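Note sheet for the following structure.
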Amino acid sequence: MGEDPVTTATDATQAPRVFFYVQHLLGIGHIARASRVAHALVADGFDVTMVTGGTPVPGFPGEGIRHVELPPVAVADGNFAGLVDANGAPVDNAFKDNRTSMLLGAYHGTMPDIVIIEAFPFGRRQVRFELLPLLAAIEKSIKRPLVMTSLRDILQERAKPGRDEETIDLVKKHFDTVLVHGDPKFVRLEETFPLAEQISQRIVYTGLVAPAKPQPPQERFDVVVSAGGGAVGGALLKAALAAAPHIPELKSWCLITGPNMPQADFDAISAQAGETISVFRFRKDFASLLSGAKLSISQAGYNTVCDILQAKCRSLLIPFAAGGETEQGARASRLEKLGLAQVLEENAISPQTMAEAIRAALALPEPGEISLDLDGANGTARVLRRLYAEHQMDDV
């Protein structure tokens with residue numbers, strides 16, 4: 001394969017360029033995890049360009065990362081049916097063509113050494129209209145970059161036949177590495193993706209992408225209740241609000257609704273909260289608050305669970321299950337078996353069941369040292385550094 005005459009002369013001294021595509025459709029977990037990884041890459045000497053295509057989230061990806069924002073898309077509801085634009089209107093072909101052109105322009109302008117595509121082809125099929133052209137452009141590059149997909153540890157189970165086989169075909173055709181942001185001692189990819197054995201040589205575990213160990217909290221609450229991005233999770237917050245008066249020994253509560261909670265719901269929750277309950281849309285010190293709390297009540301999303309584990313906080317998990325979602329339920333059940341969480345199913349939420357589950361969670365043993373690898377952000381940087389060095393040797 002030929003060499004790029006513009007970049008070859010300076011490759012030895014330039015920071016390796018990473019082109020990181022992230023598309024969040026409902027919550028903020030994907031962009032939050034990807035941002036943690038991107039910051040670890042920058043700290044390790046990589047030059048990172050992150051391309052995002054979801055509703056903007058303040059603070060992400062953060063300073064030090066070149067950011068390209070595509071016109072945002074989201075899903076209309078928790079069932080992930082259909083894409084809508086920032087105004088809630090269904091996207092049309094002209095909108096898709098514009099995004100595709102912008103994405104390809106960003107790729108060619110970056111001339112990356114490494115491309116990371118978050119979730120696809122294991123997920124994010126809704127945006128294959130732009131990712132398949134991107135992959136085609138990568139294959140035509142004079143100097144082809146390394147191509148990787150970035151996955152959380154537990155995947156959504158696929159109901160439609162043939163989807164897993166299609167995923168395998170795309171991985172074999174286009175991807176050099178499958179980065180699994182998990183600890184194989186907790187869960188292995190084949191447990192939620194049965195065909196993983198066919199691509200086993202490409203799978204690398206990085207560890208769980210948890211935050212750094214939190215600083216002592218500047219403000220303390222007995223209970224921290226959170227709803228992730230806030231697009232879903234209102235029932236969890238309302239049930240916790242109703243249960244609070246029945247557990248008087250818990251004197252202070254912090255409710256974090258998430259930035260995407262509809263304003264009417266936020267206002268209703270704020271109006272109902274009493275003197276012992278503080279309501280916020282977002283807290284930058286979330287992980288720190290957990291370290292000083294007696295209990296965390298939340299869904300079972302990847303990032304929230306990593307925050308809880310790092311903070312060593314007792315937890316009550318209510319896994320998101322709408323639209324046939326299985327990922328959070330699988331994570332919650334594994335943590336419950338390890339004695340690290342109490343679980344309440346989403347369809348069983350009521351003030352009474354919430355109060356009962358809170359008492360059960362408070363009775364759990366105080367979490368000690370966690371044996372799981374929580375250094376996945378730095379682990380990813382180490383993996384990329386090694387694979388990039390091997391790739392450079394292959395090109396010599």
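Residue numbering restarts at 1 for every chain of the structure tokens, chains are lettered A, B, ... in their displayed order, and ligands are numbered from 1 as they appear.
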Leaving out Thr304 (chain A) and any residue of its chain fewer than 6 positions from it, which residues lie within 10 Å of it when counting only C-alpha atoms, given as a JSON list (two decimals) with all heavy atoms, in the first residue's frame?
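Output below, filename selection_13.json:
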```json
[["chain", "number", "residue", "atom", "x", "y", "z"],
["A", 29, "GLY", "N", -25.13, 8.62, 28.42],
["A", 29, "GLY", "CA", -24.11, 7.67, 28.84],
["A", 29, "GLY", "C", -23.02, 7.45, 27.82],
["A", 29, "GLY", "O", -21.84, 7.38, 28.15],
["A", 210, "ALA", "N", -14.38, 3.85, 34.45],
["A", 210, "ALA", "CA", -14.88, 4.57, 35.63],
["A", 210, "ALA", "C", -14.13, 5.89, 35.77],
["A", 210, "ALA", "O", -13.05, 6.07, 35.20],
["A", 210, "ALA", "CB", -14.69, 3.71, 36.88],
["A", 226, "SER", "N", -30.65, 9.49, 41.03],
["A", 226, "SER", "CA", -30.29, 10.04, 39.72],
["A", 226, "SER", "C", -31.03, 9.29, 38.62],
["A", 226, "SER", "O", -31.34, 8.11, 38.75],
["A", 226, "SER", "CB", -28.78, 9.94, 39.50],
["A", 226, "SER", "OG", -28.33, 8.60, 39.60],
["A", 227, "ALA", "N", -31.28, 10.03, 37.54],
["A", 227, "ALA", "CA", -32.02, 9.46, 36.41],
["A", 227, "ALA", "C", -31.25, 9.57, 35.11],
["A", 227, "ALA", "O", -31.84, 9.73, 34.03],
["A", 227, "ALA", "CB", -33.37, 10.16, 36.27],
["A", 228, "GLY", "N", -29.92, 9.50, 35.17],
["A", 228, "GLY", "CA", -29.12, 9.55, 33.95],
["A", 228, "GLY", "C", -29.35, 10.84, 33.19],
["A", 228, "GLY", "O", -29.36, 11.93, 33.77],
["A", 286, "PHE", "N", -21.11, 14.59, 40.90],
["A", 286, "PHE", "CA", -21.94, 13.41, 41.16],
["A", 286, "PHE", "C", -21.15, 12.29, 41.84],
["A", 286, "PHE", "O", -21.58, 11.73, 42.85],
["A", 286, "PHE", "CB", -22.54, 12.92, 39.83],
["A", 286, "PHE", "CG", -23.32, 11.64, 39.94],
["A", 286, "PHE", "CD1", -24.52, 11.60, 40.64],
["A", 286, "PHE", "CD2", -22.87, 10.48, 39.33],
["A", 286, "PHE", "CE1", -25.26, 10.41, 40.74],
["A", 286, "PHE", "CE2", -23.60, 9.30, 39.41],
["A", 286, "PHE", "CZ", -24.79, 9.27, 40.11],
["A", 287, "ALA", "N", -19.99, 11.96, 41.28],
["A", 287, "ALA", "CA", -19.20, 10.86, 41.85],
["A", 287, "ALA", "C", -18.78, 11.18, 43.28],
["A", 287, "ALA", "O", -18.77, 10.31, 44.16],
["A", 287, "ALA", "CB", -17.97, 10.59, 40.98],
["A", 296, "SER", "N", -27.21, 5.11, 46.94],
["A", 296, "SER", "CA", -27.50, 5.62, 45.60],
["A", 296, "SER", "C", -28.72, 4.90, 45.05],
["A", 296, "SER", "O", -28.81, 3.67, 45.17],
["A", 296, "SER", "CB", -26.30, 5.38, 44.67],
["A", 296, "SER", "OG", -26.67, 5.57, 43.31],
["A", 298, "SER", "N", -30.71, 4.61, 41.40],
["A", 298, "SER", "CA", -30.51, 4.99, 40.01],
["A", 298, "SER", "C", -30.95, 3.87, 39.08],
["A", 298, "SER", "O", -31.31, 2.77, 39.52],
["A", 298, "SER", "CB", -29.02, 5.27, 39.76],
["A", 298, "SER", "OG", -28.28, 4.06, 39.81],
["A", 310, "GLN", "N", -16.85, 2.92, 41.91],
["A", 310, "GLN", "CA", -15.66, 3.68, 42.29],
["A", 310, "GLN", "C", -15.86, 4.38, 43.63],
["A", 310, "GLN", "O", -14.93, 4.48, 44.44],
["A", 310, "GLN", "CB", -15.33, 4.70, 41.20],
["A", 310, "GLN", "CG", -14.01, 5.40, 41.36],
["A", 310, "GLN", "CD", -12.82, 4.49, 41.11],
["A", 310, "GLN", "OE1", -12.46, 3.67, 41.98],
["A", 310, "GLN", "NE2", -12.19, 4.62, 39.95],
["A", 317, "LEU", "N", -30.75, -0.35, 42.33],
["A", 317, "LEU", "CA", -30.78, -0.20, 40.88],
["A", 317, "LEU", "C", -32.17, -0.53, 40.34],
["A", 317, "LEU", "O", -32.75, -1.56, 40.69],
["A", 317, "LEU", "CB", -29.75, -1.12, 40.22],
["A", 317, "LEU", "CG", -28.28, -0.89, 40.62],
["A", 317, "LEU", "CD1", -27.39, -1.93, 39.95],
["A", 317, "LEU", "CD2", -27.83, 0.52, 40.25]]
```
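Residues in contact with Glu325 (chain A) at up to 10 Å, not including ones fewer than 2 positions away on its chain and judged by only C-alpha atoms, are Gly78, Asn79, Leu155, Gln156, Glu157, Arg158, Pro319, Phe320, Ala321, Ala322, Gly323, Glu327, Gln328, Gly329 and Ala330 of chain A.
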Go ahead and save the residues from that selection, with N, CA, C and O atoms, as a PDB file, in the first residue's frame.
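Writing the result to part-v8.pdb gives the following:
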```
ATOM      1  N   GLY A  78     -38.459   6.128  23.948  1.00  0.00           N
ATOM      2  CA  GLY A  78     -37.625   5.077  24.513  1.00  0.00           C
ATOM      3  C   GLY A  78     -37.631   3.783  23.736  1.00  0.00           C
ATOM      4  O   GLY A  78     -36.855   2.871  24.037  1.00  0.00           O
ATOM      5  N   ASN A  79     -38.486   3.667  22.720  1.00  0.00           N
ATOM      6  CA  ASN A  79     -38.512   2.462  21.900  1.00  0.00           C
ATOM      7  C   ASN A  79     -37.528   2.525  20.741  1.00  0.00           C
ATOM      8  O   ASN A  79     -37.447   1.596  19.946  1.00  0.00           O
ATOM      9  N   LEU A 155     -24.138  -5.960  25.872  1.00  0.00           N
ATOM     10  CA  LEU A 155     -24.864  -5.498  24.693  1.00  0.00           C
ATOM     11  C   LEU A 155     -26.350  -5.803  24.820  1.00  0.00           C
ATOM     12  O   LEU A 155     -26.758  -6.732  25.535  1.00  0.00           O
ATOM     13  N   GLN A 156     -27.136  -5.037  24.104  1.00  0.00           N
ATOM     14  CA  GLN A 156     -28.566  -5.291  24.002  1.00  0.00           C
ATOM     15  C   GLN A 156     -28.799  -6.571  23.203  1.00  0.00           C
ATOM     16  O   GLN A 156     -28.195  -6.781  22.158  1.00  0.00           O
ATOM     17  N   GLU A 157     -29.671  -7.438  23.709  1.00  0.00           N
ATOM     18  CA  GLU A 157     -29.994  -8.656  22.971  1.00  0.00           C
ATOM     19  C   GLU A 157     -30.752  -8.315  21.691  1.00  0.00           C
ATOM     20  O   GLU A 157     -31.620  -7.442  21.684  1.00  0.00           O
ATOM     21  N   ARG A 158     -30.407  -8.983  20.606  1.00  0.00           N
ATOM     22  CA  ARG A 158     -31.017  -8.718  19.307  1.00  0.00           C
ATOM     23  C   ARG A 158     -32.170  -9.679  19.049  1.00  0.00           C
ATOM     24  O   ARG A 158     -32.008 -10.895  19.131  1.00  0.00           O
ATOM     25  N   PRO A 319     -33.309  -1.025  36.713  1.00  0.00           N
ATOM     26  CA  PRO A 319     -32.833  -1.050  35.324  1.00  0.00           C
ATOM     27  C   PRO A 319     -33.887  -0.616  34.317  1.00  0.00           C
ATOM     28  O   PRO A 319     -35.056  -0.993  34.422  1.00  0.00           O
ATOM     29  N   PHE A 320     -33.464   0.198  33.361  1.00  0.00           N
ATOM     30  CA  PHE A 320     -34.317   0.650  32.262  1.00  0.00           C
ATOM     31  C   PHE A 320     -34.675  -0.559  31.408  1.00  0.00           C
ATOM     32  O   PHE A 320     -33.806  -1.309  30.973  1.00  0.00           O
ATOM     33  N   ALA A 321     -35.975  -0.752  31.144  1.00  0.00           N
ATOM     34  CA  ALA A 321     -36.413  -1.952  30.431  1.00  0.00           C
ATOM     35  C   ALA A 321     -37.426  -1.674  29.334  1.00  0.00           C
ATOM     36  O   ALA A 321     -37.938  -2.610  28.724  1.00  0.00           O
ATOM     37  N   ALA A 322     -37.719  -0.400  29.049  1.00  0.00           N
ATOM     38  CA  ALA A 322     -38.715  -0.079  28.022  1.00  0.00           C
ATOM     39  C   ALA A 322     -38.228  -0.529  26.650  1.00  0.00           C
ATOM     40  O   ALA A 322     -37.033  -0.573  26.380  1.00  0.00           O
ATOM     41  N   GLY A 323     -39.195  -0.865  25.788  1.00  0.00           N
ATOM     42  CA  GLY A 323     -38.862  -1.239  24.418  1.00  0.00           C
ATOM     43  C   GLY A 323     -38.046  -2.506  24.304  1.00  0.00           C
ATOM     44  O   GLY A 323     -37.316  -2.703  23.327  1.00  0.00           O
ATOM     45  N   GLU A 327     -30.022  -4.681  28.430  1.00  0.00           N
ATOM     46  CA  GLU A 327     -28.650  -4.423  28.862  1.00  0.00           C
ATOM     47  C   GLU A 327     -28.562  -4.047  30.333  1.00  0.00           C
ATOM     48  O   GLU A 327     -27.771  -4.609  31.098  1.00  0.00           O
ATOM     49  N   GLN A 328     -29.391  -3.105  30.775  1.00  0.00           N
ATOM     50  CA  GLN A 328     -29.304  -2.675  32.170  1.00  0.00           C
ATOM     51  C   GLN A 328     -29.754  -3.774  33.131  1.00  0.00           C
ATOM     52  O   GLN A 328     -29.182  -3.922  34.218  1.00  0.00           O
ATOM     53  N   GLY A 329     -30.756  -4.534  32.727  1.00  0.00           N
ATOM     54  CA  GLY A 329     -31.198  -5.638  33.570  1.00  0.00           C
ATOM     55  C   GLY A 329     -30.111  -6.670  33.771  1.00  0.00           C
ATOM     56  O   GLY A 329     -29.920  -7.202  34.878  1.00  0.00           O
ATOM     57  N   ALA A 330     -29.370  -6.968  32.707  1.00  0.00           N
ATOM     58  CA  ALA A 330     -28.276  -7.937  32.809  1.00  0.00           C
ATOM     59  C   ALA A 330     -27.185  -7.428  33.743  1.00  0.00           C
ATOM     60  O   ALA A 330     -26.633  -8.183  34.552  1.00  0.00           O
TER      61      ALA A 330
END
```
**Backbone DSSP call of helix (DSSP H, G or I) for region 208-264 of chain A, listed as a list in words** = Gly234, Ala235, Leu236, Leu237, Lys238, Ala239, Ala240, Leu241, Ala242, Ala243, Ala244, Pro245, His246, Gln263 and Ala264 of chain A
**Asked** What is the distance between CA of Arg33 (chain A) and CA of Val305 (chain A), in Å to one decimal?
**Response**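 Interatomic distance, CA of Arg33 (chain A) to CA of Val305 (chain A): 11.7 Å.
Considering only C-alpha atoms, the residue among A:Val225, A:Ala239, A:Ile358, A:Ala377 positioned nearest to Gln342 (chain A) is A:Ile358.
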**Message:** Between CA of Pro217 (chain A) and CA of Leu237 (chain A), what distance in Å does the model show, to one decimal?
**Reply:** 22.3 Å
**Prompt:** Could you pull the residues within 12 Å of Val42 (chain A), counting only C-alpha atoms, minus those fewer than 2 positions along the same chain, as a ChimeraX atom specification?
**Reply:** /A:15-18,35-40,44-50,61-66,377-378,380-382,384-385
**Message:** So that I can see what lies close to region 264-273 of chain A, please list as a PyMOL selection string the residues with an atom at most 9 Å from it, counting only C-alpha atoms and leaving out residues fewer than 6 positions away in the same chain.
**Reply:** chain A and resi 234+237-238+241+257+279-281
**Asked** Which of these residues is nearest to Glu345 (chain A), using only C-alpha atoms: A:Ser278, A:Leu236, A:Arg314, A:Gly27?
**Response**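 Closest candidate: A:Leu236.
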**Asked** Which residue out of A:Met148, A:Ala136, A:Val171, A:Ile199 has the minimum interatomic distance to Pro121 (chain A) when only C-alpha atoms are used?
**Response**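 Once distances to Pro121 (chain A) are computed over only C-alpha atoms, the minimum belongs to A:Val171.
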Pick out the residues sitting within 10 Å of His30 (chain A), and hand them over as a compact mmCIF listing (two decimals) with N, CA and C atoms, in the first residue's frame; count only C-alpha atoms, and ignore anything fewer than 6 positions along from it in its own chain.
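Output contents, as saved in out12.txt:
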```
# COMPACT_ATOMS: atom_id res chain seq x y z
N VAL A 22 -19.03 9.43 17.89
CA VAL A 22 -19.95 9.05 18.97
C VAL A 22 -21.34 9.59 18.64
N GLN A 23 -22.33 8.70 18.66
CA GLN A 23 -23.71 9.11 18.41
C GLN A 23 -24.57 8.65 19.58
N HIS A 24 -24.98 9.59 20.43
CA HIS A 24 -25.92 9.23 21.49
C HIS A 24 -27.32 9.61 21.01
N GLU A 118 -17.96 4.48 17.99
CA GLU A 118 -18.62 3.98 19.20
C GLU A 118 -19.87 3.18 18.83
N ALA A 119 -19.93 1.95 19.32
CA ALA A 119 -21.09 1.04 19.23
C ALA A 119 -21.24 0.32 17.89
N LEU A 151 -17.07 -0.52 22.58
CA LEU A 151 -18.29 -1.11 23.13
C LEU A 151 -18.33 -1.07 24.64
N ARG A 152 -19.51 -0.89 25.21
CA ARG A 152 -19.69 -1.14 26.63
C ARG A 152 -19.64 -2.65 26.84
N GLY A 301 -27.40 2.06 34.22
CA GLY A 301 -26.57 2.38 33.07
C GLY A 301 -25.09 2.18 33.39
N TYR A 302 -24.33 2.00 32.34
CA TYR A 302 -22.90 1.70 32.47
C TYR A 302 -22.17 2.74 33.31
N ASN A 303 -22.30 4.02 32.94
CA ASN A 303 -21.52 5.06 33.62
C ASN A 303 -21.93 5.23 35.07
```
**Request:** Mind giving me the straight-line distance from CA of Thr167 (chain A) to CA of Leu131 (chain A) in Å, one decimal?
**Result:** 13.2 Å
